[in-house]
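Visitor: Sharing a structure, written as structure tokens. Questions coming.
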Amino acid sequence: MEFIINNAYAQGTGAGAPGMGDFVFLILLFVIFYFLLLRPQMKKAKQHRKLVSELSKGDEVVTAGGVLGRITDVGDDFITLEVAEGLEVKVQRQSVASAMPKGTIKAA
């Protein structure tokens with residue numbers, strides 16, 4: 001039967017066994033992942049927490065939905081934004097995306 005089906009022989013153990021190179025590659029991959037993805041994301045989250053904790057009455061902010069307004073009341077979980085004269089909207093503090101410089105509403 002050897003002329004129809006070739007015999008299969010076992011390969012040596014040197015090529016298939018995991019070695020130190022594989023371990024170093026995994027460590028290097030994790031370090032690259034940390035510096036390119038995790039660290040910038042944690043830094044951005046820290047800046048957002050700081051922004052949200054420092055909100056005060058009179059600040060001009062933009063929400064995640066794109067609403068521009070001036071803060072008229074600050075609570076523990078919610079803030080009240082004046083988006084137009086006489087029109088106030090209550091939003092969650094976490095929905096504030098960024099703080100704008102004073103006078104932005106007058107220019108818009």
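Ligands are numbered from 1 in the order shown, chains are lettered A, B, ... in the order of the structure tokens, and residues start at 1 in each chain.
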Taking the DSSP secondary structure from the backbone, can you list the residues of chain A that are strand (DSSP E or B), as a PyMOL selection string?
Guide: chain A and resi 60-63+68-74+78-84+87-92+96-100
Visitor: Counting only C-alpha atoms, which residues in segment 33-69 of chain A sit no more than 8 Å from segment 84-106 of chain A? For each one, give the nearest pair of atoms and the distance in Å, sorted by chain then residue number, as a tab-separated table.
Guide:
residue	atom	partner	partner_atom	distance
A:His48	CA	A:Ala97	CA	7.8
A:Leu51	CA	A:Ser98	CA	7.6
A:Val52	CA	A:Arg93	CA	6.3
A:Asp59	CA	A:Ala99	CA	7.2
A:Glu60	CA	A:Met100	CA	5.4
A:Val61	CA	A:Ala99	CA	4.3
A:Val62	CA	A:Ser98	CA	5.5
A:Thr63	CA	A:Val96	CA	4.2
A:Ala64	CA	A:Ala97	CA	5.0
A:Gly65	CA	A:Ser95	CA	7.9
A:Leu68	CA	A:Ile105	CA	7.4
A:Gly69	CA	A:Ile105	CA	7.1
Visitor: Find the residue from A:Val74, A:Ala8, A:Leu29, A:Val24 that sits nearest to Ser53 of chain A; use only C-alpha atoms when measuring.
Guide: A:Val74
Visitor: Mind listing the alpha helix (DSSP H) residues of chain A, per DSSP on the backbone, as a short mmCIF file (atom, residue, chain, number, x, y, z; two decimals) with N, CA and C atoms, in the first residue's frame?
Guide:
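Heads up, here's the output in selection-v4.cif:
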data_model
loop_
_atom_site.label_atom_id
_atom_site.label_comp_id
_atom_site.auth_asym_id
_atom_site.auth_seq_id
_atom_site.Cartn_x
_atom_site.Cartn_y
_atom_site.Cartn_z
N MET A 20 10.54 30.76 24.74
CA MET A 20 10.65 32.08 25.36
C MET A 20 10.26 33.18 24.38
N GLY A 21 10.51 32.97 23.10
CA GLY A 21 10.16 33.97 22.09
C GLY A 21 8.67 34.25 22.04
N ASP A 22 7.85 33.23 22.20
CA ASP A 22 6.40 33.41 22.20
C ASP A 22 5.96 34.23 23.42
N PHE A 23 6.57 33.95 24.55
CA PHE A 23 6.23 34.67 25.78
C PHE A 23 6.62 36.15 25.66
N VAL A 24 7.78 36.43 25.12
CA VAL A 24 8.23 37.81 24.94
C VAL A 24 7.32 38.53 23.94
N PHE A 25 6.89 37.85 22.90
CA PHE A 25 5.98 38.43 21.93
C PHE A 25 4.65 38.83 22.59
N LEU A 26 4.11 37.98 23.45
CA LEU A 26 2.85 38.30 24.13
C LEU A 26 3.01 39.50 25.06
N ILE A 27 4.12 39.57 25.77
CA ILE A 27 4.38 40.71 26.65
C ILE A 27 4.48 41.99 25.82
N LEU A 28 5.23 41.94 24.73
CA LEU A 28 5.39 43.09 23.85
C LEU A 28 4.05 43.52 23.27
N LEU A 29 3.23 42.59 22.88
CA LEU A 29 1.91 42.89 22.34
C LEU A 29 1.04 43.59 23.38
N PHE A 30 1.08 43.14 24.62
CA PHE A 30 0.31 43.76 25.69
C PHE A 30 0.79 45.18 25.96
N VAL A 31 2.11 45.39 25.96
CA VAL A 31 2.66 46.73 26.20
C VAL A 31 2.21 47.70 25.10
N ILE A 32 2.27 47.27 23.86
CA ILE A 32 1.82 48.11 22.75
C ILE A 32 0.33 48.40 22.87
N PHE A 33 -0.45 47.39 23.21
CA PHE A 33 -1.90 47.55 23.40
C PHE A 33 -2.18 48.58 24.50
N ARG A 39 -4.21 53.40 27.75
CA ARG A 39 -3.75 54.60 28.44
C ARG A 39 -4.44 55.86 27.93
N PRO A 40 -4.53 56.11 26.62
CA PRO A 40 -5.25 57.31 26.16
C PRO A 40 -6.73 57.32 26.55
N GLN A 41 -7.35 56.15 26.55
CA GLN A 41 -8.76 56.07 26.92
C GLN A 41 -8.94 56.40 28.41
N MET A 42 -8.05 55.91 29.26
CA MET A 42 -8.14 56.21 30.69
C MET A 42 -7.88 57.70 30.95
N LYS A 43 -6.96 58.28 30.20
CA LYS A 43 -6.65 59.71 30.37
C LYS A 43 -7.86 60.56 29.98
N LYS A 44 -8.52 60.21 28.89
CA LYS A 44 -9.70 60.96 28.44
C LYS A 44 -10.83 60.83 29.46
N ALA A 45 -11.03 59.63 30.00
CA ALA A 45 -12.08 59.42 31.00
C ALA A 45 -11.80 60.23 32.26
N LYS A 46 -10.54 60.33 32.65
CA LYS A 46 -10.16 61.11 33.83
C LYS A 46 -10.43 62.59 33.60
N GLN A 47 -10.13 63.09 32.41
CA GLN A 47 -10.41 64.50 32.09
C GLN A 47 -11.91 64.78 32.10
N HIS A 48 -12.71 63.83 31.61
CA HIS A 48 -14.17 64.02 31.59
C HIS A 48 -14.73 64.03 33.01
N ARG A 49 -14.23 63.13 33.87
CA ARG A 49 -14.68 63.13 35.27
C ARG A 49 -14.35 64.45 35.95
N LYS A 50 -13.16 64.99 35.65
CA LYS A 50 -12.76 66.28 36.23
C LYS A 50 -13.67 67.40 35.73
N LEU A 51 -13.97 67.41 34.43
CA LEU A 51 -14.86 68.41 33.84
C LEU A 51 -16.24 68.36 34.50
N VAL A 52 -16.79 67.18 34.64
CA VAL A 52 -18.13 67.02 35.21
C VAL A 52 -18.15 67.44 36.68
N SER A 53 -17.10 67.15 37.42
CA SER A 53 -17.08 67.50 38.84
C SER A 53 -16.91 68.99 39.07
N THR A 104 -19.60 82.30 24.27
CA THR A 104 -19.85 81.48 23.09
C THR A 104 -21.31 81.56 22.66
N ILE A 105 -22.20 81.63 23.60
CA ILE A 105 -23.63 81.65 23.29
C ILE A 105 -23.99 82.95 22.56
N LYS A 106 -23.41 84.07 22.96
CA LYS A 106 -23.70 85.34 22.31
C LYS A 106 -23.19 85.34 20.87
N ALA A 107 -22.06 84.66 20.64
CA ALA A 107 -21.49 84.62 19.29
C ALA A 107 -22.27 83.68 18.38
#
Visitor: Kindly give the distance, in Å, that separates atom CA of Glu54 of chain A and atom CA of Leu38 of chain A, rounded to a single decimal.
Guide: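 Calculated distance between atom CA of Glu54 of chain A and atom CA of Leu38 of chain A is 24.6 Å.
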Visitor: Could you please determine the separation between atom CA of Leu81 of chain A and atom CA of Gly66 of chain A in Å, to one decimal place?
Guide: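 Computing the Euclidean distance for atom CA of Leu81 of chain A and atom CA of Gly66 of chain A yields 12.5 Å.
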Visitor: If we count only C-alpha atoms and set the cut-off at 10 Å, which residues sit around Gly75 of chain A, ignoring sequence neighbours fewer than 3 positions away in its own chain? Please answer as a list in words.
Guide: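 Once the nearby chain positions are removed, what remains is Leu55, Ser56, Phe78, Ile79, Thr80, Gln92 and Arg93 of chain A.
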Visitor: Could you pull the residues within 9 Å of Lys57 of chain A, counting only C-alpha atoms, minus those fewer than 5 positions along the same chain, as a ChimeraX atom specification?
Guide: /A:70-74
Visitor: Write a file of the just-selected residues containing N, CA and C atoms, as a PDB file, in the first residue's frame.
Guide:
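Output below, filename out_8.pdb:
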ATOM      1  N   ARG A  70     -26.243  77.481  28.868  1.00  0.00           N
ATOM      2  CA  ARG A  70     -25.606  78.026  30.072  1.00  0.00           C
ATOM      3  C   ARG A  70     -26.224  77.339  31.285  1.00  0.00           C
ATOM      4  N   ILE A  71     -25.390  76.915  32.211  1.00  0.00           N
ATOM      5  CA  ILE A  71     -25.871  76.212  33.404  1.00  0.00           C
ATOM      6  C   ILE A  71     -26.533  77.210  34.346  1.00  0.00           C
ATOM      7  N   THR A  72     -27.781  76.891  34.749  1.00  0.00           N
ATOM      8  CA  THR A  72     -28.498  77.746  35.698  1.00  0.00           C
ATOM      9  C   THR A  72     -28.660  77.082  37.054  1.00  0.00           C
ATOM     10  N   ASP A  73     -28.568  75.767  37.103  1.00  0.00           N
ATOM     11  CA  ASP A  73     -28.701  75.054  38.383  1.00  0.00           C
ATOM     12  C   ASP A  73     -27.883  73.776  38.312  1.00  0.00           C
ATOM     13  N   VAL A  74     -27.171  73.473  39.402  1.00  0.00           N
ATOM     14  CA  VAL A  74     -26.337  72.278  39.454  1.00  0.00           C
ATOM     15  C   VAL A  74     -26.805  71.402  40.607  1.00  0.00           C
TER      16      VAL A  74
END
